[in-house]
$ cat upload.txt   # compact mmCIF, C-alpha atoms
# COMPACT_ATOMS: atom_id res chain seq x y z
CA MET A 1 28.31 9.94 30.36
CA PHE A 2 25.59 12.57 30.30
CA MET A 3 26.98 16.05 30.79
CA GLY A 4 24.81 18.69 32.44
CA PHE A 5 24.06 21.95 30.66
CA GLU A 6 26.01 23.96 33.27
CA SER A 7 29.09 21.76 32.86
CA LEU A 8 28.80 22.07 29.12
CA CYS A 9 28.66 25.88 29.39
CA GLU A 10 31.75 25.90 31.54
CA LEU A 11 33.67 24.06 28.86
CA MET A 12 32.55 26.36 26.08
CA PRO A 13 34.66 29.32 25.04
CA LEU A 14 33.00 32.70 25.53
CA ASN A 15 32.45 33.43 21.85
CA MET A 16 30.67 30.07 21.43
CA LYS A 17 28.29 30.96 24.27
CA GLN A 18 27.52 34.23 22.53
CA LEU A 19 26.80 32.34 19.34
CA LEU A 20 24.59 29.73 20.95
CA LEU A 21 22.54 32.13 23.03
CA PRO A 22 20.63 33.69 20.10
CA LEU A 23 20.15 30.20 18.64
CA PHE A 24 18.51 28.97 21.86
CA LEU A 25 16.41 32.14 21.96
CA LEU A 26 15.24 31.38 18.44
CA LEU A 27 14.25 27.88 19.58
CA SER A 28 11.92 29.42 22.14
CA LEU A 29 10.01 31.03 19.29
CA SER A 30 9.49 27.71 17.52
CA ARG A 31 6.12 25.96 17.73
CA LEU A 32 6.46 23.67 20.71
CA ALA A 33 2.83 23.88 21.80
CA GLY A 34 1.41 21.00 19.85
CA GLN A 35 2.53 18.28 17.51
CA ASP A 36 -0.84 17.83 15.89
CA VAL A 37 -0.79 16.31 12.46
CA GLU A 38 -2.92 17.28 9.52
CA ASP A 39 -6.02 15.13 8.99
CA PRO A 40 -4.99 13.06 5.94
CA SER A 41 -8.59 12.50 4.88
CA LEU A 42 -8.92 16.25 4.21
CA ARG A 43 -5.90 16.36 1.92
CA LYS A 44 -6.80 17.46 -1.57
CA PRO A 45 -6.18 14.73 -4.15
CA TYR A 46 -4.52 15.36 -7.49
CA ASN A 47 -6.73 16.36 -10.39
CA LEU A 48 -4.87 14.15 -12.80
CA VAL A 49 -1.90 11.77 -12.72
CA VAL A 50 0.05 11.17 -15.93
CA GLN A 51 2.68 8.45 -15.95
CA THR A 52 4.97 6.71 -18.32
CA GLY A 53 6.97 3.58 -17.72
CA ILE A 54 8.05 0.15 -18.76
CA SER A 55 6.10 -3.04 -18.40
CA LEU A 56 6.86 -6.70 -18.83
CA GLN A 57 4.53 -9.54 -19.67
CA TRP A 58 5.54 -12.77 -18.09
CA PHE A 59 5.08 -16.47 -18.56
CA GLU A 60 5.64 -18.46 -21.73
CA SER A 61 6.36 -15.69 -24.24
CA GLN A 62 7.79 -12.60 -22.61
CA TYR A 63 7.12 -9.14 -23.93
CA LYS A 64 8.28 -5.68 -23.00
CA ALA A 65 6.12 -2.64 -23.47
CA PHE A 66 6.29 1.10 -23.19
CA THR A 67 3.34 2.38 -21.19
CA LEU A 68 1.51 5.65 -20.96
CA SER A 69 -1.27 6.10 -18.44
CA ILE A 70 -3.65 8.80 -17.31
CA GLU A 71 -5.63 8.47 -14.14
CA ARG A 72 -8.19 10.64 -12.48
CA PRO A 73 -8.81 10.49 -8.72
CA LEU A 74 -12.49 10.20 -7.82
CA ASN A 75 -11.48 11.07 -4.27
CA LEU A 76 -8.40 10.64 -2.12
CA TYR A 77 -8.78 6.86 -1.99
CA ASN A 78 -10.12 5.86 -5.42
CA HIS A 79 -8.62 6.46 -8.83
CA PHE A 80 -9.66 5.26 -12.26
CA GLY A 81 -7.71 5.50 -15.46
CA VAL A 82 -6.65 4.41 -18.89
CA GLN A 83 -3.33 2.93 -19.89
CA ALA A 84 -1.87 2.31 -23.32
CA ASN A 85 0.85 -0.30 -23.79
CA PHE A 86 2.97 -0.34 -26.93
CA PHE A 87 4.98 -3.53 -27.27
CA PHE A 88 8.57 -3.65 -28.33
CA ALA A 89 9.50 -6.20 -30.98
CA ASN A 90 11.21 -9.19 -29.42
CA ASP A 91 13.25 -12.14 -30.56
CA PHE A 92 11.42 -15.30 -31.53
CA ASN A 93 12.33 -18.93 -31.75
CA TYR A 94 10.70 -22.28 -32.42
CA TYR A 95 8.69 -22.44 -29.19
CA ASP A 96 8.09 -18.77 -28.65
CA GLN A 97 5.94 -16.29 -30.50
CA GLY A 98 7.74 -13.11 -31.35
CA VAL A 99 5.72 -9.94 -31.18
CA THR A 100 6.22 -7.12 -33.66
CA ASN A 101 6.40 -3.50 -32.62
CA ASP A 102 2.97 -2.60 -34.00
CA SER A 103 1.28 -4.55 -31.20
CA TRP A 104 -0.63 -2.61 -28.58
CA GLU A 105 -3.22 -2.83 -25.86
CA VAL A 106 -5.44 -0.48 -23.92
CA ALA A 107 -6.16 -1.01 -20.24
CA PHE A 108 -9.02 0.32 -18.16
CA PHE A 109 -8.31 0.16 -14.46
CA SER A 110 -9.32 1.45 -11.10
CA LYS A 111 -7.28 1.70 -7.94
CA SER A 112 -8.63 1.55 -4.43
CA PHE A 113 -6.01 2.69 -1.96
CA PHE A 114 -6.03 1.18 1.49
CA ARG A 115 -6.82 3.60 4.29
CA GLY A 116 -6.12 3.84 7.97
CA ARG A 117 -9.14 2.83 10.04
CA LEU A 118 -8.68 5.58 12.63
CA THR A 119 -6.13 8.00 11.18
CA GLY A 120 -7.76 8.21 7.74
CA ARG A 121 -4.31 8.19 6.14
CA ARG A 122 -4.07 6.95 2.58
CA SER A 123 -1.73 4.01 2.18
CA ASN A 124 0.68 3.78 -0.74
CA ALA A 125 -0.68 0.33 -1.52
CA TYR A 126 -3.75 -0.29 -3.64
CA ILE A 127 -5.73 -3.01 -5.31
CA GLY A 128 -8.18 -2.89 -8.17
CA PRO A 129 -9.44 -4.49 -11.35
CA ASP A 130 -7.69 -4.06 -14.69
CA MET A 131 -9.20 -5.02 -18.06
CA ARG A 132 -7.18 -4.84 -21.26
CA PHE A 133 -8.05 -5.10 -24.92
CA GLY A 134 -5.37 -5.25 -27.56
CA ARG A 135 -4.11 -6.42 -30.90
CA ARG A 136 -1.03 -8.57 -31.17
CA HIS A 137 0.91 -9.03 -34.36
CA ALA A 138 3.05 -12.03 -33.72
CA LEU A 139 5.42 -14.16 -35.72
CA TYR A 140 4.79 -17.87 -35.59
CA ASN A 141 6.83 -20.75 -36.84
CA SER A 142 4.47 -22.44 -39.28
CA GLY A 143 6.30 -25.76 -39.37
CA PHE A 144 9.64 -27.38 -38.95
CA ASP A 145 11.31 -25.31 -41.66
CA LEU A 146 11.67 -22.15 -39.55
CA ASN A 147 9.32 -20.37 -41.89
CA PHE A 148 7.87 -17.57 -39.78
CA GLU A 149 4.55 -16.02 -40.63
CA LYS A 150 2.89 -12.95 -39.17
CA ARG A 151 -0.49 -13.54 -37.59
CA THR A 152 -2.80 -11.10 -35.86
CA SER A 153 -4.86 -11.84 -32.79
CA ASN A 154 -7.18 -9.86 -30.55
CA THR A 155 -6.32 -10.14 -26.90
CA VAL A 156 -8.38 -9.66 -23.77
CA LYS A 157 -6.88 -9.65 -20.31
CA ILE A 158 -8.71 -9.66 -17.00
CA LEU A 159 -6.33 -8.86 -14.20
CA ALA A 160 -6.22 -8.05 -10.53
CA ARG A 161 -3.93 -5.10 -10.05
CA THR A 162 -1.89 -4.66 -6.90
CA GLY A 163 0.57 -1.85 -6.59
CA TRP A 164 2.33 0.83 -4.65
CA GLN A 165 2.11 4.47 -5.64
CA TYR A 166 4.44 6.94 -3.96
CA HIS A 167 4.05 10.68 -4.12
CA LEU A 168 7.49 12.25 -4.05
CA GLY A 169 7.34 15.92 -3.24
CA ARG A 170 4.54 17.96 -4.74
CA LEU A 171 4.45 16.65 -8.27
CA ALA A 172 6.43 13.47 -8.82
CA VAL A 173 4.72 10.10 -8.72
CA LEU A 174 6.52 6.77 -8.67
CA GLU A 175 4.59 3.57 -9.04
CA PHE A 176 5.23 -0.13 -9.07
CA SER A 177 2.36 -2.45 -9.86
CA LEU A 178 1.89 -6.13 -10.35
CA PRO A 179 -1.29 -6.99 -12.27
CA ILE A 180 -1.91 -10.74 -12.44
CA GLY A 181 -4.66 -12.61 -14.23
CA LEU A 182 -5.68 -14.35 -17.42
CA GLU A 183 -5.27 -13.52 -21.08
CA TRP A 184 -7.41 -14.78 -23.92
CA ALA A 185 -6.19 -14.40 -27.49
CA LYS A 186 -8.23 -15.09 -30.61
CA PHE A 187 -6.69 -15.19 -34.07
CA ARG A 188 -8.28 -12.95 -36.65
CA ASP A 189 -7.60 -15.41 -39.48
CA ASN A 190 -8.58 -19.04 -40.00
CA LEU A 191 -5.15 -20.43 -40.68
CA PRO A 192 -4.26 -23.81 -39.18
CA GLN A 193 -2.92 -23.86 -35.64
CA PRO A 194 0.71 -22.95 -35.27
CA PRO A 195 2.79 -25.38 -33.29
CA GLY A 196 3.37 -24.67 -29.63
CA PHE A 197 2.50 -26.11 -26.31
CA PHE A 198 -0.05 -23.63 -25.03
CA TYR A 199 -2.82 -23.82 -27.62
CA TYR A 200 -6.16 -25.29 -26.73
CA GLY A 201 -7.92 -25.45 -30.10
CA ASN A 202 -10.63 -23.26 -31.67
CA ASN A 203 -7.98 -20.70 -32.55
CA ARG A 204 -7.87 -19.56 -28.93
CA THR A 205 -5.09 -19.26 -26.45
CA THR A 206 -5.45 -18.82 -22.73
CA ARG A 207 -2.58 -17.85 -20.53
CA PHE A 208 -1.85 -16.92 -16.98
CA VAL A 209 -0.05 -13.60 -17.14
CA ALA A 210 1.69 -11.20 -14.82
CA THR A 211 2.59 -7.76 -16.10
CA PRO A 212 4.81 -5.93 -13.61
CA LEU A 213 5.06 -2.24 -14.31
CA LEU A 214 7.44 0.46 -13.16
CA SER A 215 6.34 3.97 -13.98
CA LEU A 216 7.19 7.54 -13.19
CA GLY A 217 5.04 10.56 -13.74
CA VAL A 218 3.50 13.73 -12.47
CA GLY A 219 0.40 14.49 -10.48
CA PHE A 220 -1.17 17.91 -10.60
CA MET B 221 -10.39 -30.03 -14.59
CA LYS B 222 -11.93 -31.13 -11.30
CA THR B 223 -8.50 -31.98 -9.92
CA PHE B 224 -7.20 -28.62 -11.14
CA PHE B 225 -9.88 -26.69 -9.22
CA ARG B 226 -9.50 -28.88 -6.14
CA THR B 227 -5.74 -28.33 -6.11
CA ASN B 228 -6.06 -24.60 -6.67
CA THR B 229 -8.74 -24.27 -3.95
CA ALA B 230 -6.49 -26.10 -1.51
CA TRP B 231 -3.63 -23.76 -2.43
CA LEU B 232 -5.87 -20.75 -2.03
CA LEU B 233 -7.10 -21.85 1.41
CA ALA B 234 -3.59 -22.67 2.58
CA SER B 235 -2.40 -19.27 1.34
CA LEU B 236 -5.23 -17.44 3.09
CA VAL B 237 -4.39 -19.15 6.39
CA PHE B 238 -0.74 -18.24 5.87
CA LEU B 239 -1.51 -14.67 4.83
CA SER B 240 -3.60 -13.99 7.93
CA GLY B 241 -0.29 -14.08 9.79
CA CYS B 242 1.30 -11.61 7.37
CA ILE B 243 -0.55 -8.53 8.60
CA PHE B 244 1.78 -5.97 10.11
CA TYR B 245 0.58 -3.33 12.55
CA GLN B 246 2.41 -0.10 13.22
CA ARG B 247 1.96 2.92 15.48
CA TYR B 248 0.73 6.01 13.61
CA PRO B 249 -0.03 9.57 14.77
CA MET B 250 -3.65 10.64 14.56
CA ALA B 251 -4.96 14.17 14.04
CA LYS B 252 -6.92 15.62 16.96
CA SER B 253 -9.73 16.57 14.62
CA ARG B 254 -10.28 12.87 13.87
CA LEU B 255 -11.53 12.26 17.42
CA THR B 256 -15.01 13.46 16.57
CA LYS B 257 -15.12 11.54 13.29
CA ILE B 258 -14.16 8.00 14.28
CA GLU B 259 -16.48 5.20 15.36
CA LYS B 260 -15.84 4.84 19.11
CA SER B 261 -17.88 1.81 20.08
CA GLU B 262 -14.96 -0.64 19.93
CA LEU B 263 -12.24 1.72 21.07
CA THR B 264 -10.51 2.10 24.42
CA PHE B 265 -9.11 5.53 25.25
CA TYR B 266 -6.10 6.16 27.46
CA ILE B 267 -4.56 9.40 28.70
CA LEU B 268 -0.77 9.28 29.05
CA ASP B 269 1.55 11.77 30.66
CA ALA B 270 3.83 12.78 27.77
CA ALA B 271 6.79 13.09 30.17
CA ARG B 272 6.32 9.65 31.75
CA PRO B 273 4.16 7.59 29.39
CA ALA B 274 5.25 4.24 30.78
CA SER B 275 4.16 4.95 34.34
CA ARG B 276 1.43 7.61 34.42
CA VAL B 277 -1.56 6.34 32.42
CA TRP B 278 -5.30 6.84 32.93
CA TYR B 279 -8.12 4.79 31.47
CA VAL B 280 -10.90 7.02 30.12
CA SER B 281 -14.41 5.89 30.87
CA GLU B 282 -17.57 7.43 29.38
CA ALA B 283 -15.57 9.56 26.98
CA ASP B 284 -17.46 12.32 25.25
CA PHE B 285 -15.70 14.12 22.42
CA ARG B 286 -16.61 17.62 21.26
CA ASP B 287 -15.02 19.87 18.67
CA ASP B 288 -12.44 21.42 20.96
CA SER B 289 -12.42 19.30 24.13
CA MET B 290 -13.22 15.91 25.59
CA THR B 291 -14.84 14.95 28.87
CA GLY B 292 -14.42 11.66 30.66
CA PHE B 293 -14.03 9.84 33.93
CA LEU B 294 -10.33 9.03 34.37
CA ILE B 295 -9.08 6.05 36.36
CA ARG B 296 -5.34 5.82 36.90
CA LEU B 297 -3.71 2.48 36.08
CA ASP B 298 -1.01 0.97 38.25
CA GLU B 299 2.55 1.05 36.92
CA LEU B 300 2.49 -2.49 35.54
CA GLU B 301 -0.74 -1.88 33.59
CA ALA B 302 0.57 1.50 32.46
CA GLN B 303 3.66 -0.11 31.04
CA GLU B 304 1.51 -2.69 29.24
CA VAL B 305 -0.54 0.07 27.61
CA ALA B 306 2.41 2.26 26.62
CA THR B 307 4.83 -0.43 25.46
CA ILE B 308 4.49 -2.46 22.28
CA ARG B 309 6.64 -5.57 22.38
CA GLY B 310 6.01 -7.07 18.99
CA ARG B 311 3.70 -7.63 16.04
CA GLN B 312 1.08 -9.57 18.00
CA ASP B 313 1.11 -6.99 20.79
CA ALA B 314 0.50 -4.22 18.24
CA LYS B 315 -2.36 -6.24 16.75
CA TYR B 316 -4.02 -6.66 20.16
CA SER B 317 -3.66 -2.89 20.70
CA LYS B 318 -5.46 -1.97 17.47
CA ASN B 319 -8.45 -0.60 19.42
CA ASP B 320 -6.38 1.47 21.85
CA VAL B 321 -6.21 5.23 21.39
CA LEU B 322 -3.26 6.73 23.26
CA MET B 323 -3.68 10.43 24.02
CA TYR B 324 -0.54 12.09 25.37
CA VAL B 325 -1.25 15.14 27.54
CA LYS B 326 1.23 17.83 28.43
CA PRO B 327 3.15 17.12 31.64
CA LYS B 328 2.00 20.39 33.20
CA PHE B 329 -1.61 19.31 32.79
CA ALA B 330 -0.99 15.67 33.72
CA ILE B 331 0.65 16.57 37.03
CA ALA B 332 -2.63 18.06 38.24
CA LEU B 333 -4.66 14.93 37.45
CA GLY B 334 -5.81 12.80 40.37
CA ASP B 335 -6.14 9.03 40.47
CA THR B 336 -9.88 9.11 39.74
CA ILE B 337 -11.39 12.26 38.37
CA THR B 338 -14.07 13.47 36.01
CA THR B 339 -12.45 16.11 33.87
CA THR B 340 -12.57 18.06 30.66
CA ILE B 341 -9.43 18.15 28.56
CA ALA B 342 -9.06 20.78 25.89
CA TYR B 343 -7.38 19.43 22.76
CA GLU B 344 -4.73 22.12 23.20
CA GLN B 345 -3.52 20.14 26.20
CA LEU B 346 -2.88 17.07 24.05
CA GLU B 347 0.67 16.67 22.80
CA LYS B 348 -0.21 13.94 20.33
CA ILE B 349 -2.51 10.99 19.72
CA GLU B 350 -1.27 7.59 18.61
CA VAL B 351 -3.07 4.49 17.34
CA HIS B 352 -2.07 1.12 15.92
CA GLU B 353 -3.07 0.39 12.36
CA VAL B 354 -2.24 -2.03 9.60
CA ASN B 355 0.81 -1.12 7.56
CA HIS B 356 -0.78 -2.08 4.24
CA SER B 357 2.29 -1.51 2.06
CA LYS B 358 4.46 -3.83 4.12
CA SER B 359 1.69 -6.39 4.66
CA ILE B 360 0.95 -6.69 0.94
CA ALA B 361 4.61 -6.79 -0.06
CA ILE B 362 5.45 -9.53 2.44
CA SER B 363 2.27 -11.46 1.61
CA LEU B 364 3.08 -11.37 -2.09
CA LEU B 365 6.63 -12.45 -1.53
CA CYS B 366 5.94 -15.21 0.94
CA GLY B 367 2.44 -16.36 0.24
CA PHE B 368 1.32 -15.64 -3.27
CA MET B 369 4.56 -16.20 -5.14
CA PRO B 370 4.57 -20.02 -4.77
CA MET B 371 0.89 -20.15 -5.78
CA PHE B 372 1.55 -17.66 -8.55
CA PHE B 373 4.29 -19.77 -10.13
CA PHE B 374 2.34 -22.97 -9.53
CA THR B 375 -0.68 -21.58 -11.43
CA ALA B 376 1.59 -20.32 -14.20
CA PHE B 377 3.13 -23.78 -14.37
CA LEU B 378 -0.33 -25.38 -14.64
CA PHE B 379 -1.38 -23.07 -17.47
CA SER B 380 1.84 -23.81 -19.31
CA TYR B 381 0.74 -27.36 -20.11

$ encode --input "upload.txt" --output "structure tokens"
Amino acid sequence: MFMGFESLCELMPLNMKQLLLPLFLLLSLSRLAGQDVEDPSLRKPYNLVVQTGISLQWFESQYKAFTLSIERPLNLYNHFGVQANFFFANDFNYYDQGVTNDSWEVAFFSKSFFRGRLTGRRSNAYIGPDMRFGRRHALYNSGFDLNFEKRTSNTVKILARTGWQYHLGRLAVLEFSLPIGLEWAKFRDNLPQPPGFFYYGNNRTTRFVATPLLSLGVGF
Amino acid sequence: MKTFFRTNTAWLLASLVFLSGCIFYQRYPMAKSRLTKIEKSELTFYILDAARPASRVWYVSEADFRDDSMTGFLIRLDELEAQEVATIRGRQDAKYSKNDVLMYVKPKFAIALGDTITTTIAYEQLEKIEVHEVNHSKSIAISLLCGFMPMFFFTAFLFSY
């Protein structure tokens, strides 16, 4: 049951009343006049965001990569940046292609954050294009004798990048993104095709890829 | 190849129809300074008594916003209409209210307002302003989970062979 303020005061011991009185007086000094919020569209964006994280590449062969990215906000709602991915060596088997740890790729991306139509607030979610160029040193099984050979290919990825970037406090930035798209790989040598089920001839491979990324960094 | 594109187009269309239902609206506070910046042609403005928002609501006609005050012709809504304006019952209701701007005035000021009146309200008299907007983070996350994921794995499956 709701208890009135007078009844509450009657129940309080005298010393508690003396304690609460200055507290209530302090409340009267607090800013009760207006609850106006800051216009989010006038918020100053970061000058630079530097992040590092871990990325996966999915479908068929799976790779893990260490990522390092730098992005520069054009304004509060649009960022562009560069990302370097350094792949970790992974296990390989008959069907899979194992990547060695000297494989890398460079991504050029932009992020367009969604915005509130009336409030002007910047959403945590964004979309944007992502284009990647890289070199993959992979181990292929050249036949049925489990004789693996190292082959090098140039890779190009064209992806649509969706993600969520959270600003934690003044400096910390946490991001999860899910770029999805296509990858084209072209071998740099003219060796015969390695076995496998995803090759389409002319020394080219085309794949549907998703590269989820979890990164943490600073914005300043 | 033709079958591949036909199948994927059908998936894409089906997903788009599905995703149109995955847009979530939410009530957000709006800064008073935004009133002079926003496009007002599609918007409907309401004044609400901050003490009794569900029963004391005015529709603002011919609203004119300046840097520090607004002028308009206020028409008081009956209690049923007031409750409709102030209460959001669900996702669809929030979507239908996306063009409503709810301006909460201080009770001391609201008590002096008549049923129909042309008045000027200084922004100092506004407690807060609320609008309904798309929650993009939630909408995209749910859309990806529910809509795109089946298509995503289906396309991956197609490229695997």

$ atom_distance --input "upload.txt" --atom1 "CA of His79 in chain A" --atom2 "CA of Asp102 in chain A"
29.2 Å

$ closest_atom_pairs --input "upload.txt" --of "range 35-126 of chain A" --to "range 211-216 of chain A" --cutoff "10 Å" --atoms "all atoms listed in the file" --output "JSON lines"
{"residue": "A:Val50", "atom": "CA", "partner": "A:Leu216", "partner_atom": "CA", "distance": 8.5}
{"residue": "A:Gln51", "atom": "CA", "partner": "A:Leu216", "partner_atom": "CA", "distance": 5.4}
{"residue": "A:Thr52", "atom": "CA", "partner": "A:Ser215", "partner_atom": "CA", "distance": 5.3}
{"residue": "A:Gly53", "atom": "CA", "partner": "A:Ser215", "partner_atom": "CA", "distance": 3.8}
{"residue": "A:Ile54", "atom": "CA", "partner": "A:Leu214", "partner_atom": "CA", "distance": 5.6}
{"residue": "A:Ser55", "atom": "CA", "partner": "A:Leu213", "partner_atom": "CA", "distance": 4.3}
{"residue": "A:Leu56", "atom": "CA", "partner": "A:Thr211", "partner_atom": "CA", "distance": 5.2}
{"residue": "A:Gln57", "atom": "CA", "partner": "A:Thr211", "partner_atom": "CA", "distance": 4.4}
{"residue": "A:Trp58", "atom": "CA", "partner": "A:Thr211", "partner_atom": "CA", "distance": 6.1}
{"residue": "A:Phe59", "atom": "CA", "partner": "A:Thr211", "partner_atom": "CA", "distance": 9.4}
{"residue": "A:Gln62", "atom": "CA", "partner": "A:Thr211", "partner_atom": "CA", "distance": 9.6}
{"residue": "A:Tyr63", "atom": "CA", "partner": "A:Thr211", "partner_atom": "CA", "distance": 9.2}
{"residue": "A:Lys64", "atom": "CA", "partner": "A:Thr211", "partner_atom": "CA", "distance": 9.2}
{"residue": "A:Ala65", "atom": "CA", "partner": "A:Leu213", "partner_atom": "CA", "distance": 9.2}
{"residue": "A:Phe66", "atom": "CA", "partner": "A:Leu213", "partner_atom": "CA", "distance": 9.6}
{"residue": "A:Thr67", "atom": "CA", "partner": "A:Ser215", "partner_atom": "CA", "distance": 8.0}
{"residue": "A:Leu68", "atom": "CA", "partner": "A:Ser215", "partner_atom": "CA", "distance": 8.7}
{"residue": "A:Ser69", "atom": "CA", "partner": "A:Ser215", "partner_atom": "CA", "distance": 9.1}

$ write_last_selection --input "upload.txt" --atoms "C-alpha atoms" --output "PDB file, in the coordinates of the input"
ATOM      1  CA  VAL A  50       0.050  11.170 -15.930  1.00  0.00           C
ATOM      2  CA  GLN A  51       2.680   8.450 -15.950  1.00  0.00           C
ATOM      3  CA  THR A  52       4.970   6.710 -18.320  1.00  0.00           C
ATOM      4  CA  GLY A  53       6.970   3.580 -17.720  1.00  0.00           C
ATOM      5  CA  ILE A  54       8.050   0.150 -18.760  1.00  0.00           C
ATOM      6  CA  SER A  55       6.100  -3.040 -18.400  1.00  0.00           C
ATOM      7  CA  LEU A  56       6.860  -6.700 -18.830  1.00  0.00           C
ATOM      8  CA  GLN A  57       4.530  -9.540 -19.670  1.00  0.00           C
ATOM      9  CA  TRP A  58       5.540 -12.770 -18.090  1.00  0.00           C
ATOM     10  CA  PHE A  59       5.080 -16.470 -18.560  1.00  0.00           C
ATOM     11  CA  GLN A  62       7.790 -12.600 -22.610  1.00  0.00           C
ATOM     12  CA  TYR A  63       7.120  -9.140 -23.930  1.00  0.00           C
ATOM     13  CA  LYS A  64       8.280  -5.680 -23.000  1.00  0.00           C
ATOM     14  CA  ALA A  65       6.120  -2.640 -23.470  1.00  0.00           C
ATOM     15  CA  PHE A  66       6.290   1.100 -23.190  1.00  0.00           C
ATOM     16  CA  THR A  67       3.340   2.380 -21.190  1.00  0.00           C
ATOM     17  CA  LEU A  68       1.510   5.650 -20.960  1.00  0.00           C
ATOM     18  CA  SER A  69      -1.270   6.100 -18.440  1.00  0.00           C
TER      19      SER A  69
END

$ closest_residue --input "upload.txt" --among "B:Thr340, B:Thr307, B:Gln312, B:Gln345" --to "Tyr245 in chain B" --atoms "all atoms listed in the file"
B:Gln312

$ closest_residue --input "upload.txt" --among "A:Phe176, A:Tyr46, A:Tyr140, A:Trp184" --to "Gly98 in chain A" --atoms "only C-alpha atoms"
A:Tyr140

$ interface_residues --input "upload.txt" --of "chain B" --to "chain A" --cutoff "10 Å" --atoms "all atoms listed in the file" --output "number ranges by chain"
B: 248-255, 257-260, 263, 318-319, 321, 326, 343-361, 364, 372-373, 375-381

$ residues_around --input "upload.txt" --residues "Gln303 in chain B" --least-positions-apart "6" --cutoff "12 Å" --atoms "only C-alpha atoms" --output "ChimeraX atom specification"
/B:268,272-278,297,309

$ atom_distance --input "upload.txt" --atom1 "CA of Thr338 in chain B" --atom2 "CA of Lys315 in chain B"
29.9 Å

$ closest_residue --input "upload.txt" --among "B:Gln246, B:Tyr316, B:Asp335, B:Tyr279" --to "Gly292 in chain B" --atoms "all atoms listed in the file"
B:Tyr279

$ atom_distance --input "upload.txt" --atom1 "CA of Glu105 in chain A" --atom2 "CA of Ile70 in chain A"
14.4 Å

$ residues_around --input "upload.txt" --residues "Thr336 in chain B" --least-positions-apart "4" --cutoff "7 Å" --atoms "all atoms listed in the file" --output "number ranges by chain"
B: 294-296
